[in-house]
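K.L.:
So here's input.csv, just CSV, C-alpha atoms:
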chain,number,residue,atom,x,y,z
A,700,MET,CA,-13.3,-13.3,18.5
A,701,PRO,CA,-15.0,-11.8,21.5
A,702,GLU,CA,-16.5,-14.4,23.8
A,703,PRO,CA,-15.9,-13.1,27.3
A,704,ARG,CA,-19.3,-14.2,28.7
A,705,TYR,CA,-18.9,-17.8,27.6
A,706,PRO,CA,-15.4,-19.1,28.6
A,707,ARG,CA,-16.5,-22.8,28.4
A,708,LEU,CA,-17.8,-22.6,24.8
A,709,PRO,CA,-14.6,-24.0,23.3
A,710,ASP,CA,-14.8,-27.1,25.5
A,711,THR,CA,-18.5,-27.5,24.6
A,712,TYR,CA,-17.8,-27.4,20.9
A,713,ARG,CA,-14.7,-29.6,21.2
A,714,ALA,CA,-16.7,-32.2,23.0
A,715,ALA,CA,-19.4,-32.1,20.3
A,716,GLY,CA,-16.7,-32.4,17.6
A,717,LEU,CA,-17.8,-29.2,15.9
A,718,PRO,CA,-16.1,-25.9,14.9
A,719,MET,CA,-17.0,-22.9,16.9
A,720,ARG,CA,-15.3,-20.3,14.6
A,721,LEU,CA,-14.9,-19.9,10.9
A,722,HIS,CA,-12.3,-17.6,9.4
A,723,LEU,CA,-13.2,-16.8,5.8
A,724,ASP,CA,-10.9,-14.7,3.6
A,725,LEU,CA,-13.0,-13.3,0.7
A,726,THR,CA,-9.9,-12.1,-1.2
A,727,LEU,CA,-6.2,-11.7,-0.9
A,728,ARG,CA,-6.3,-8.5,-2.9
A,729,CYS,CA,-5.2,-5.4,-1.0
A,730,PRO,CA,-4.0,-2.0,-2.0
A,731,LEU,CA,-1.5,-1.9,0.9
A,732,ARG,CA,1.9,-3.5,0.9
A,733,CYS,CA,2.6,-4.0,4.6
A,734,PRO,CA,6.0,-5.8,4.9
A,735,HIS,CA,4.9,-7.9,7.9
A,736,CYS,CA,1.8,-9.3,6.3
A,737,TYR,CA,1.7,-13.1,6.4
A,738,VAL,CA,-0.7,-13.3,3.4
A,739,ALA,CA,1.8,-11.5,1.2
A,740,GLY,CA,2.1,-12.8,-2.3
A,741,GLU,CA,-0.4,-13.4,-5.1
A,742,GLY,CA,-1.8,-16.6,-3.6
A,743,SER,CA,-5.3,-17.4,-4.9
A,744,ARG,CA,-6.2,-13.9,-6.1
A,745,ASP,CA,-7.1,-15.3,-9.6
A,746,ALA,CA,-9.3,-18.1,-8.2
A,747,GLU,CA,-11.7,-16.5,-5.8
A,748,MET,CA,-14.9,-18.2,-5.0
A,749,THR,CA,-18.0,-16.8,-6.6
A,750,THR,CA,-20.8,-15.3,-4.5
A,751,ALA,CA,-22.8,-18.5,-4.8
A,752,GLU,CA,-19.8,-20.6,-3.6
A,753,VAL,CA,-19.3,-18.3,-0.6
A,754,MET,CA,-22.9,-18.6,0.3
A,755,ARG,CA,-22.5,-22.4,0.2
A,756,VAL,CA,-19.6,-22.1,2.7
A,757,LEU,CA,-21.8,-20.0,5.0
A,758,GLN,CA,-24.6,-22.6,4.8
A,759,ASP,CA,-22.2,-25.4,5.5
A,760,ALA,CA,-20.9,-23.4,8.5
A,761,ARG,CA,-24.4,-22.9,9.8
A,762,ASP,CA,-25.1,-26.6,9.4
A,763,LEU,CA,-22.0,-27.3,11.5
A,764,LYS,CA,-23.3,-25.0,14.2
A,765,VAL,CA,-20.5,-22.4,13.8
A,766,LEU,CA,-21.1,-19.4,16.0
A,767,PHE,CA,-18.4,-16.9,15.2
A,768,LEU,CA,-17.6,-15.8,11.7
A,769,LEU,CA,-14.5,-13.7,10.9
A,770,VAL,CA,-14.5,-12.1,7.4
A,771,SER,CA,-11.1,-10.9,6.3
A,772,GLY,CA,-8.6,-10.8,3.5
A,773,GLY,CA,-6.6,-9.1,1.9
A,774,GLU,CA,-9.1,-6.2,2.0
A,775,PRO,CA,-12.5,-7.9,2.1
A,776,MET,CA,-14.3,-4.7,1.1
A,777,LEU,CA,-12.8,-4.9,-2.4
A,778,ARG,CA,-15.3,-7.7,-3.1
A,779,PRO,CA,-18.4,-6.2,-4.7
A,780,ASP,CA,-20.5,-8.7,-2.8
A,781,PHE,CA,-19.0,-7.8,0.6
A,782,PHE,CA,-22.2,-6.5,2.1
A,783,GLU,CA,-24.3,-9.2,0.4
A,784,VAL,CA,-22.1,-11.8,2.1
A,785,LEU,CA,-22.3,-10.1,5.5
A,786,GLU,CA,-26.1,-9.6,5.3
A,787,ALA,CA,-26.6,-13.3,4.5
A,788,ALA,CA,-24.3,-14.2,7.4
A,789,ARG,CA,-26.4,-12.0,9.7
A,790,ARG,CA,-29.6,-13.8,8.6
A,791,MET,CA,-27.9,-17.0,9.6
A,792,HIS,CA,-27.3,-15.5,13.1
A,793,PHE,CA,-23.5,-15.6,13.1
A,794,TYR,CA,-21.6,-13.3,15.5
A,795,LEU,CA,-19.6,-11.3,13.0
A,796,GLN,CA,-16.1,-9.9,13.0
A,797,VAL,CA,-14.6,-8.0,10.1
A,798,LYS,CA,-10.9,-7.2,9.6
A,799,THR,CA,-10.3,-4.3,7.3
A,800,THR,CA,-7.7,-1.6,6.4
A,801,GLY,CA,-10.5,0.9,6.9
A,802,LEU,CA,-9.8,2.4,3.5
A,803,TYR,CA,-13.3,2.0,2.3
A,804,VAL,CA,-15.3,2.6,5.5
A,805,ARG,CA,-17.1,5.9,5.3
A,806,PRO,CA,-20.1,7.1,7.3
A,807,ASP,CA,-22.6,5.3,5.0
A,808,GLU,CA,-20.6,2.0,5.2
A,809,ALA,CA,-20.2,2.4,9.0
A,810,ARG,CA,-24.0,2.8,9.4
A,811,ARG,CA,-24.6,-0.3,7.2
A,812,LEU,CA,-22.2,-2.3,9.3
A,813,ALA,CA,-23.9,-1.1,12.5
A,814,ARG,CA,-27.1,-2.7,11.2
A,815,LEU,CA,-25.4,-6.1,11.2
A,816,ALA,CA,-24.9,-6.1,15.0
A,817,PRO,CA,-23.6,-8.1,16.9
A,818,ILE,CA,-20.5,-7.2,15.0
A,819,GLN,CA,-16.9,-6.1,15.6
A,820,VAL,CA,-14.8,-4.3,13.0
A,821,ASP,CA,-11.0,-4.5,13.5
A,822,LEU,CA,-8.7,-1.9,12.0
A,823,SER,CA,-5.0,-2.2,11.6
A,824,ILE,CA,-3.1,0.9,12.6
A,825,HIS,CA,0.6,1.0,12.7
A,826,GLY,CA,1.6,4.5,13.7
A,827,ALA,CA,0.6,7.4,15.9
A,828,ARG,CA,1.0,9.8,13.0
A,829,ALA,CA,0.4,9.7,9.3
A,830,GLU,CA,4.0,9.6,8.1
A,831,THR,CA,4.8,6.5,10.2
A,832,HIS,CA,1.7,4.5,9.2
A,833,ASP,CA,1.7,5.5,5.6
A,834,ARG,CA,5.4,4.7,5.1
A,835,PHE,CA,4.9,1.3,6.7
A,836,VAL,CA,1.8,0.3,4.7
A,837,GLY,CA,3.1,1.8,1.4
A,838,MET,CA,0.2,4.2,0.7
A,839,ARG,CA,0.0,7.9,1.2
A,840,GLY,CA,-3.3,8.9,2.9
A,841,ALA,CA,-3.9,5.5,4.4
A,842,PHE,CA,-3.6,6.7,8.0
A,843,ASP,CA,-6.1,9.5,7.6
A,844,ARG,CA,-8.6,7.1,6.0
A,845,ALA,CA,-8.1,4.5,8.8
A,846,VAL,CA,-8.6,7.2,11.4
A,847,ALA,CA,-11.8,8.4,9.6
A,848,ALA,CA,-13.0,4.8,9.6
A,849,PHE,CA,-12.3,4.5,13.3
A,850,GLU,CA,-14.3,7.7,14.0
A,851,ALA,CA,-17.2,6.8,11.7
A,852,LEU,CA,-17.6,3.3,13.1
A,853,ARG,CA,-17.6,4.6,16.7
A,854,GLU,CA,-20.1,7.3,15.7
A,855,ALA,CA,-22.3,4.6,14.2
A,856,GLY,CA,-22.2,2.5,17.4
A,857,VAL,CA,-20.1,-0.3,15.9
A,858,ARG,CA,-17.8,-2.2,18.3
A,859,VAL,CA,-14.3,-1.4,17.1
A,860,GLY,CA,-11.0,-3.2,17.5
A,861,VAL,CA,-7.6,-1.8,16.7
A,862,ARG,CA,-4.6,-4.0,16.0
A,863,THR,CA,-1.0,-2.8,16.0
A,864,ASN,CA,2.0,-4.9,15.1
A,865,LEU,CA,5.0,-3.3,16.8
A,866,VAL,CA,8.1,-3.4,14.6
A,867,ALA,CA,11.3,-1.5,14.4
A,868,GLU,CA,9.6,1.4,12.4
A,869,ASN,CA,6.9,2.2,14.9
A,870,ALA,CA,8.1,0.9,18.3
A,871,ALA,CA,9.0,4.4,19.5
A,872,GLU,CA,5.4,5.4,19.0
A,873,ALA,CA,3.9,2.4,20.9
A,874,ARG,CA,2.7,4.4,23.9
A,875,GLU,CA,1.3,7.2,21.7
A,876,ILE,CA,-0.6,4.7,19.5
A,877,GLU,CA,-2.2,3.1,22.5
A,878,ALA,CA,-3.1,6.4,24.1
A,879,ARG,CA,-4.8,7.5,20.9
A,880,PHE,CA,-6.7,4.4,20.0
A,881,GLY,CA,-6.8,2.3,23.1
A,882,VAL,CA,-9.7,4.4,24.5
A,883,PRO,CA,-12.6,3.0,26.6
A,884,GLY,CA,-15.0,0.9,24.5
A,885,VAL,CA,-12.3,0.0,21.9
A,886,ASP,CA,-10.8,-3.5,21.8
A,887,TYR,CA,-7.1,-2.4,21.4
A,888,ARG,CA,-4.4,-5.0,21.1
A,889,LYS,CA,-0.7,-4.7,20.2
A,890,GLY,CA,1.8,-7.5,19.5
A,891,VAL,CA,5.4,-8.0,18.8
A,892,GLY,CA,5.1,-11.4,17.1
A,893,LEU,CA,5.4,-11.6,13.3
A,894,TYR,CA,4.2,-14.8,11.7
A,895,SER,CA,5.8,-16.5,8.7
A,896,ARG,CA,4.5,-15.6,5.3
A,897,ARG,CA,2.2,-18.0,3.5
A,898,ASP,CA,4.2,-17.8,0.2
A,899,GLY,CA,7.3,-19.1,1.9
A,900,ALA,CA,9.3,-15.9,1.5
A,901,ASN,CA,11.4,-14.9,4.5
A,902,LEU,CA,10.3,-11.9,6.5
A,903,ASP,CA,12.7,-9.0,6.6
A,904,GLU,CA,14.7,-9.5,9.8
A,905,GLY,CA,15.0,-5.8,10.1
A,906,LEU,CA,11.4,-5.6,11.1
A,907,LEU,CA,11.8,-7.6,14.3
A,908,LEU,CA,12.3,-5.9,17.6
A,909,ASP,CA,15.1,-7.1,19.9
A,910,GLU,CA,13.9,-8.8,23.1
A,911,GLU,CA,14.9,-5.8,25.2
A,912,THR,CA,12.7,-3.5,23.1
A,913,CYS,CA,9.8,-6.0,23.3
A,914,VAL,CA,10.0,-6.0,27.0
A,915,ARG,CA,10.0,-2.2,27.1
A,916,VAL,CA,7.0,-1.7,24.8
A,917,LEU,CA,4.9,-4.4,26.4
A,918,ALA,CA,5.7,-3.8,30.1
A,919,ARG,CA,2.9,-3.0,32.5
A,920,PRO,CA,3.2,-2.4,36.3
A,921,GLY,CA,2.6,-5.4,38.6
A,922,GLU,CA,3.5,-9.1,38.5
A,923,ARG,CA,2.0,-11.5,36.0
A,924,ALA,CA,0.5,-14.6,37.5
A,925,GLU,CA,2.2,-17.8,36.8
A,926,PRO,CA,-0.1,-19.9,34.5
A,927,PRO,CA,-0.2,-23.6,34.9
A,928,PRO,CA,1.9,-25.6,32.4
A,929,PRO,CA,0.0,-27.1,29.5
A,930,ASP,CA,-1.8,-30.3,30.3
A,931,PRO,CA,0.0,-33.1,28.5
A,932,SER,CA,-3.3,-34.7,27.5
A,933,GLY,CA,-4.8,-31.4,26.3
A,934,PRO,CA,-5.1,-30.5,22.7
A,935,ILE,CA,-2.1,-28.9,21.0
A,936,CYS,CA,-4.3,-26.2,19.5
A,937,GLY,CA,-7.8,-25.3,18.6
A,938,ALA,CA,-7.0,-25.1,14.9
A,939,GLY,CA,-8.9,-27.7,12.8
A,940,ALA,CA,-11.0,-28.5,15.9
A,941,VAL,CA,-12.9,-25.5,17.3
A,942,ALA,CA,-11.7,-23.3,14.5
A,943,VAL,CA,-11.2,-23.7,10.8
A,944,TYR,CA,-10.1,-21.4,7.9
A,945,VAL,CA,-11.3,-21.1,4.3
A,946,ALA,CA,-9.1,-19.3,1.8
A,947,PRO,CA,-10.5,-17.2,-1.1
A,948,ASP,CA,-10.1,-20.1,-3.5
A,949,GLY,CA,-12.1,-22.4,-1.2
A,950,THR,CA,-9.1,-24.3,0.2
A,951,VAL,CA,-9.7,-25.4,3.8
A,952,PHE,CA,-6.9,-25.2,6.3
A,953,PRO,CA,-6.8,-25.8,10.1
A,954,CYS,CA,-6.2,-22.0,10.5
A,955,ALA,CA,-4.9,-19.1,8.5
A,956,LEU,CA,-1.4,-19.8,9.8
A,957,TRP,CA,-1.3,-23.6,9.4
A,958,PRO,CA,-0.6,-24.4,5.7
A,959,GLU,CA,-1.9,-28.0,5.6
A,960,ARG,CA,-4.7,-28.6,3.2
A,961,LEU,CA,-7.8,-30.3,4.6
A,962,GLY,CA,-9.9,-30.1,1.5
A,963,ASN,CA,-11.7,-27.5,-0.6
A,964,ALA,CA,-15.2,-26.0,0.0
A,965,ARG,CA,-15.8,-26.2,-3.7
A,966,GLU,CA,-15.4,-30.0,-3.8
A,967,LYS,CA,-18.0,-32.7,-3.0
A,968,GLY,CA,-19.1,-32.4,0.6
A,969,GLY,CA,-17.9,-28.8,0.9
A,970,LEU,CA,-16.7,-27.5,4.2
A,971,ARG,CA,-18.2,-30.4,6.2
A,972,ALA,CA,-16.1,-33.0,4.2
A,973,ALA,CA,-12.9,-31.0,4.8
A,974,PHE,CA,-13.6,-30.6,8.5
A,975,PHE,CA,-14.2,-34.3,9.0
A,976,SER,CA,-11.3,-35.4,6.7
A,977,ASP,CA,-8.6,-37.8,7.8
A,978,ALA,CA,-6.1,-34.9,7.8
A,979,ALA,CA,-8.3,-32.9,10.1
A,980,ALA,CA,-8.8,-35.9,12.4
A,981,ARG,CA,-5.1,-36.4,12.6
A,982,ILE,CA,-4.5,-32.8,13.6
A,983,ARG,CA,-7.3,-32.9,16.2
A,984,GLY,CA,-5.6,-36.0,17.7
A,985,LEU,CA,-2.3,-34.1,18.5
A,986,THR,CA,-1.8,-33.3,22.2
A,987,ASN,CA,0.7,-31.4,24.2
A,988,ALA,CA,2.4,-34.6,25.0
A,989,ASP,CA,3.4,-34.8,21.4
A,990,ARG,CA,5.5,-31.7,21.9
A,991,VAL,CA,8.4,-33.8,23.2
A,992,GLU,CA,11.1,-31.2,22.8
A,993,CYS,CA,8.9,-28.5,24.6
A,994,MET,CA,7.7,-30.5,27.6
A,995,ALA,CA,11.1,-30.1,29.4
A,996,CYS,CA,11.3,-26.4,28.8
A,997,VAL,CA,11.0,-24.2,31.9
A,998,LEU,CA,9.2,-21.6,29.9
A,999,ARG,CA,6.5,-23.8,28.5
A,1000,ALA,CA,3.8,-22.3,30.8
A,1001,ARG,CA,4.2,-18.9,29.2
A,1002,CYS,CA,4.9,-20.1,25.7
A,1003,PRO,CA,2.4,-18.9,23.0
A,1004,PHE,CA,3.1,-22.0,20.9
A,1005,CYS,CA,1.6,-22.1,17.5
A,1006,PRO,CA,1.8,-25.4,15.5
A,1007,GLY,CA,1.0,-23.6,12.3
A,1008,GLU,CA,4.0,-21.4,12.7
A,1009,SER,CA,6.2,-24.5,13.2
A,1010,VAL,CA,4.8,-25.9,9.9
A,1011,ALA,CA,5.4,-22.6,8.2
A,1012,GLU,CA,9.0,-22.7,9.3
A,1013,GLY,CA,9.4,-26.1,7.7
A,1014,LEU,CA,9.1,-28.1,10.9
A,1015,PRO,CA,6.7,-30.7,12.3
A,1016,PRO,CA,3.7,-29.1,14.0
A,1017,THR,CA,4.9,-30.4,17.3
A,1018,ALA,CA,8.4,-28.9,17.1
A,1019,PRO,CA,9.4,-25.7,18.8
A,1020,ASN,CA,9.5,-22.7,16.5
A,1021,ARG,CA,11.6,-19.5,16.5
A,1022,LEU,CA,8.6,-17.2,17.1
A,1023,ALA,CA,7.2,-19.1,20.1
A,1024,CYS,CA,10.6,-19.5,21.8
A,1025,ARG,CA,11.3,-15.8,21.4
A,1026,LEU,CA,8.0,-14.7,22.7
A,1027,ALA,CA,8.2,-17.1,25.7
A,1028,ARG,CA,11.5,-15.5,26.7
A,1029,VAL,CA,9.9,-12.0,26.5
A,1030,GLU,CA,6.9,-13.1,28.5
A,1031,ASP,CA,9.1,-14.6,31.2
A,1032,ARG,CA,11.1,-11.4,31.5
A,1033,LEU,CA,7.9,-9.4,31.8
A,1034,ALA,CA,6.5,-11.8,34.4
A,1035,HIS,CA,9.5,-11.4,36.7
A,1036,MET,CA,9.9,-7.6,36.3
A,1037,PRO,CA,9.2,-5.9,39.7
A,1038,ALA,CA,6.5,-3.2,39.5
A,1039,GLU,CA,8.9,-0.5,40.7
A,1040,LYS,CA,11.3,-1.2,37.8
A,1041,THR,CA,8.7,-1.2,35.1
A,1042,PRO,CA,9.7,1.2,32.3
Take the structure in this file and express it as structure tokens.
P.N.:
Amino acid sequence: MPEPRYPRLPDTYRAAGLPMRLHLDLTLRCPLRCPHCYVAGEGSRDAEMTTAEVMRVLQDARDLKVLFLLVSGGEPMLRPDFFEVLEAARRMHFYLQVKTTGLYVRPDEARRLARLAPIQVDLSIHGARAETHDRFVGMRGAFDRAVAAFEALREAGVRVGVRTNLVAENAAEAREIEARFGVPGVDYRKGVGLYSRRDGANLDEGLLLDEETCVRVLARPGERAEPPPPDPSGPICGAGAVAVYVAPDGTVFPCALWPERLGNAREKGGLRAAFFSDAAARIRGLTNADRVECMACVLRARCPFCPGESVAEGLPPTAPNRLACRLARVEDRLAHMPAEKTP
């Protein structure tokens, strides 16, 4: 979530032992069938929290001094209480972020979202033209509705983010997508990393870009500064520490990618009890020094390691995972690409 003016906030929250961010999925229901989606599968669609239970999660988060609230799904706007939840969150003074397909954002909804500022609304757009995006998400007309949402939100004065997952089907349009949606004032981000699915099913390997294509679509002129290697005594991740995730059925996890149950917001003690559970404390105690296999790797400084992905791949949270190793190799190639040879 956007926090450019306060780079020390995570350290402040970690020192206080409190979560800075809450990711709340209201539902896993979604009319799209994106093949890369890590929340694919039925999951907890038949056990969603009631409005009253969601409100209790918000109150617990407020009591824990949470600052940033991400509301997502699935498609969160399928919940009839979507705006009721957001308006309650605004009264509690959270900085709001919403992730949506854009299918249900029309001018009226855009103006209503604008009244909830400060807020950012992120749209997923996976093509520069309708046929590419619609084929990928499995719905005809989805691109036109997402573009209409993009325009309505900007017209209403809402800060907009656009997220693009680059895969085999849309890589050829990478530059065109960015040129169309990565305009001034829009938080545009693209990525080539696909996370494991929560339901345990394997992603279609045909979606993945080879490393050569990853380098080509991500390349930018100029050298990338060499970051320092991870501090061995530093935390392995912010999940379960400065951030926490609540699924639609109330289950609390370290983050949306780390499938280790900390508790349930519906149970006694709610979100607070889950955040201060023994399981959460154990996760917060993990440091980079526990990543024994990674500490000798020459690419560790550029590695976007995610312990949740390791767990999703059936490994310990400290073990190297396929996704991180692949992205580290790509980042290393990008870092050492001379400006004059940039594609």
K.L.:
Go through A:Glu992, A:Asp948, A:Glu959, A:Glu854 and flag the residue nearest A:Ala978, using only C-alpha atoms for the distances.
P.N.:
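Checking each candidate against A:Ala978, we get A:Glu959 as the closest.
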K.L.:
For a quick check of understanding, using all atoms listed in the file, which of A:Glu904, A:Asp930, A:Glu1012, A:Asp724 has the smallest distance to A:Val951?
P.N.:
A:Asp724
K.L.:
Ranking A:Val804, A:Ala1034, A:Val836, A:Leu907 by minimum distance to A:Leu1022 and counting only C-alpha atoms, which one comes first?
P.N.:
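Of A:Val804, A:Ala1034, A:Val836, A:Leu907, the one nearest A:Leu1022, counting only C-alpha atoms, is A:Leu907.
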K.L.:
Nearest to A:Gln758 among A:Val797, A:Ala964, A:Ala955, A:Ile935, with distances taken over all atoms listed in the file: which residue is it?
P.N.:
A:Ala964
K.L.:
Near A:Tyr894, counting only C-alpha atoms, which residues have an atom at most 9 Å away, once you skip same-chain residues fewer than 4 positions from it, shown as an NGL selection string?
P.N.:
:A and (735-737 or 902 or 956 or 1008 or 1011 or 1022)
K.L.:
Using only C-alpha atoms, which of the listed residues (A:Ala841, A:Met754, A:Ala946, A:Tyr794) sits closest to A:Leu727?
P.N.:
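Of A:Ala841, A:Met754, A:Ala946, A:Tyr794, the one nearest A:Leu727, counting only C-alpha atoms, is A:Ala946.
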K.L.:
Quick check, in Å to one decimal: how far apart do atom CA of A:Arg1032 and atom CA of A:Arg990 lie?
P.N.:
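Result for atom CA of A:Arg1032 versus atom CA of A:Arg990: 23.1 Å, one decimal.
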K.L.:
For the atom pair atom CA of A:Phe781 and atom CA of A:Phe974, what is the interatomic distance in Å to one decimal place?
P.N.:
24.7 Å
K.L.:
For a test of reading the model, state the distance in Å between atom CA of A:Thr912 and atom CA of A:Ala867, rounded to one decimal.
P.N.:
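A separation of 9.0 Å between them.
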K.L.:
Given the choices A:Gly969, A:Pro1019, A:Pro817, A:Gly840, which gets closest to A:Arg789 if the distance is worked out from only C-alpha atoms?
P.N.:
A:Pro817
K.L.:
Around (-15.2, -17.3, 12.3) in the file's own coordinates, what residues are found within 6 Å if you use only C-alpha atoms, given back as a ChimeraX atom specification?
P.N.:
/A:720-722,767-769
K.L.:
Need the shell around A:Tyr803: protein/DNA/RNA residues with any atom at most 9 Å away, counting all atoms listed in the file. Skip same-chain ones fewer than 2 positions apart. Format as a PyMOL selection string?
P.N.:
chain A and resi 776-777+799-801+805+808+844-845+848
K.L.:
Name all residues at most 12 Å from A:Ala715 (count all atoms listed in the file; drop same-chain ones fewer than 2 positions away) and give them as a compact mmCIF listing (two decimals) with C-alpha atoms, in the frame of the given file.
P.N.:
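Saved file around.txt follows:
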# COMPACT_ATOMS: atom_id res chain seq x y z
CA LEU A 708 -17.80 -22.60 24.80
CA PRO A 709 -14.60 -24.00 23.30
CA ASP A 710 -14.80 -27.10 25.50
CA THR A 711 -18.50 -27.50 24.60
CA TYR A 712 -17.80 -27.40 20.90
CA ARG A 713 -14.70 -29.60 21.20
CA LEU A 717 -17.80 -29.20 15.90
CA PRO A 718 -16.10 -25.90 14.90
CA MET A 719 -17.00 -22.90 16.90
CA LEU A 763 -22.00 -27.30 11.50
CA LYS A 764 -23.30 -25.00 14.20
CA VAL A 765 -20.50 -22.40 13.80
CA ALA A 940 -11.00 -28.50 15.90
CA VAL A 941 -12.90 -25.50 17.30
K.L.:
Quick one: residues within 12 Å of A:Val861, all atoms listed in the file, excluding same-chain residues fewer than 3 positions away - as number ranges by chain?
P.N.:
A: 797-801, 819-826, 845-846, 848-850, 852-853, 858, 864, 876-882, 884-890
K.L.:
With C-alpha atoms kept, could you save the residues just selected as an mmCIF file, in the frame of the given file?
P.N.:
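Output below, filename again.cif:
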data_model
loop_
_atom_site.group_PDB
_atom_site.id
_atom_site.type_symbol
_atom_site.label_atom_id
_atom_site.label_comp_id
_atom_site.auth_asym_id
_atom_site.auth_seq_id
_atom_site.Cartn_x
_atom_site.Cartn_y
_atom_site.Cartn_z
ATOM 1 C CA VAL A 797 -14.600 -8.000 10.100
ATOM 2 C CA LYS A 798 -10.900 -7.200 9.600
ATOM 3 C CA THR A 799 -10.300 -4.300 7.300
ATOM 4 C CA THR A 800 -7.700 -1.600 6.400
ATOM 5 C CA GLY A 801 -10.500 0.900 6.900
ATOM 6 C CA GLN A 819 -16.900 -6.100 15.600
ATOM 7 C CA VAL A 820 -14.800 -4.300 13.000
ATOM 8 C CA ASP A 821 -11.000 -4.500 13.500
ATOM 9 C CA LEU A 822 -8.700 -1.900 12.000
ATOM 10 C CA SER A 823 -5.000 -2.200 11.600
ATOM 11 C CA ILE A 824 -3.100 0.900 12.600
ATOM 12 C CA HIS A 825 0.600 1.000 12.700
ATOM 13 C CA GLY A 826 1.600 4.500 13.700
ATOM 14 C CA ALA A 845 -8.100 4.500 8.800
ATOM 15 C CA VAL A 846 -8.600 7.200 11.400
ATOM 16 C CA ALA A 848 -13.000 4.800 9.600
ATOM 17 C CA PHE A 849 -12.300 4.500 13.300
ATOM 18 C CA GLU A 850 -14.300 7.700 14.000
ATOM 19 C CA LEU A 852 -17.600 3.300 13.100
ATOM 20 C CA ARG A 853 -17.600 4.600 16.700
ATOM 21 C CA ARG A 858 -17.800 -2.200 18.300
ATOM 22 C CA ASN A 864 2.000 -4.900 15.100
ATOM 23 C CA ILE A 876 -0.600 4.700 19.500
ATOM 24 C CA GLU A 877 -2.200 3.100 22.500
ATOM 25 C CA ALA A 878 -3.100 6.400 24.100
ATOM 26 C CA ARG A 879 -4.800 7.500 20.900
ATOM 27 C CA PHE A 880 -6.700 4.400 20.000
ATOM 28 C CA GLY A 881 -6.800 2.300 23.100
ATOM 29 C CA VAL A 882 -9.700 4.400 24.500
ATOM 30 C CA GLY A 884 -15.000 0.900 24.500
ATOM 31 C CA VAL A 885 -12.300 0.000 21.900
ATOM 32 C CA ASP A 886 -10.800 -3.500 21.800
ATOM 33 C CA TYR A 887 -7.100 -2.400 21.400
ATOM 34 C CA ARG A 888 -4.400 -5.000 21.100
ATOM 35 C CA LYS A 889 -0.700 -4.700 20.200
ATOM 36 C CA GLY A 890 1.800 -7.500 19.500
#
K.L.:
In the coordinates of the file, take the point (4.3, -35.9, 23.8) and a cut-off of 12 Å; then, counting only C-alpha atoms, name each qualifying protein, DNA or RNA residue as a list in words.
P.N.:
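Every residue inside that radius is included here: Pro929, Asp930, Pro931, Ser932, Gly933, Pro934, Ile935, Gly984, Leu985, Thr986, Asn987, Ala988, Asp989, Arg990, Val991, Glu992, Cys993, Met994, Ala995, Pro1016, Thr1017 and Ala1018 of chain A.
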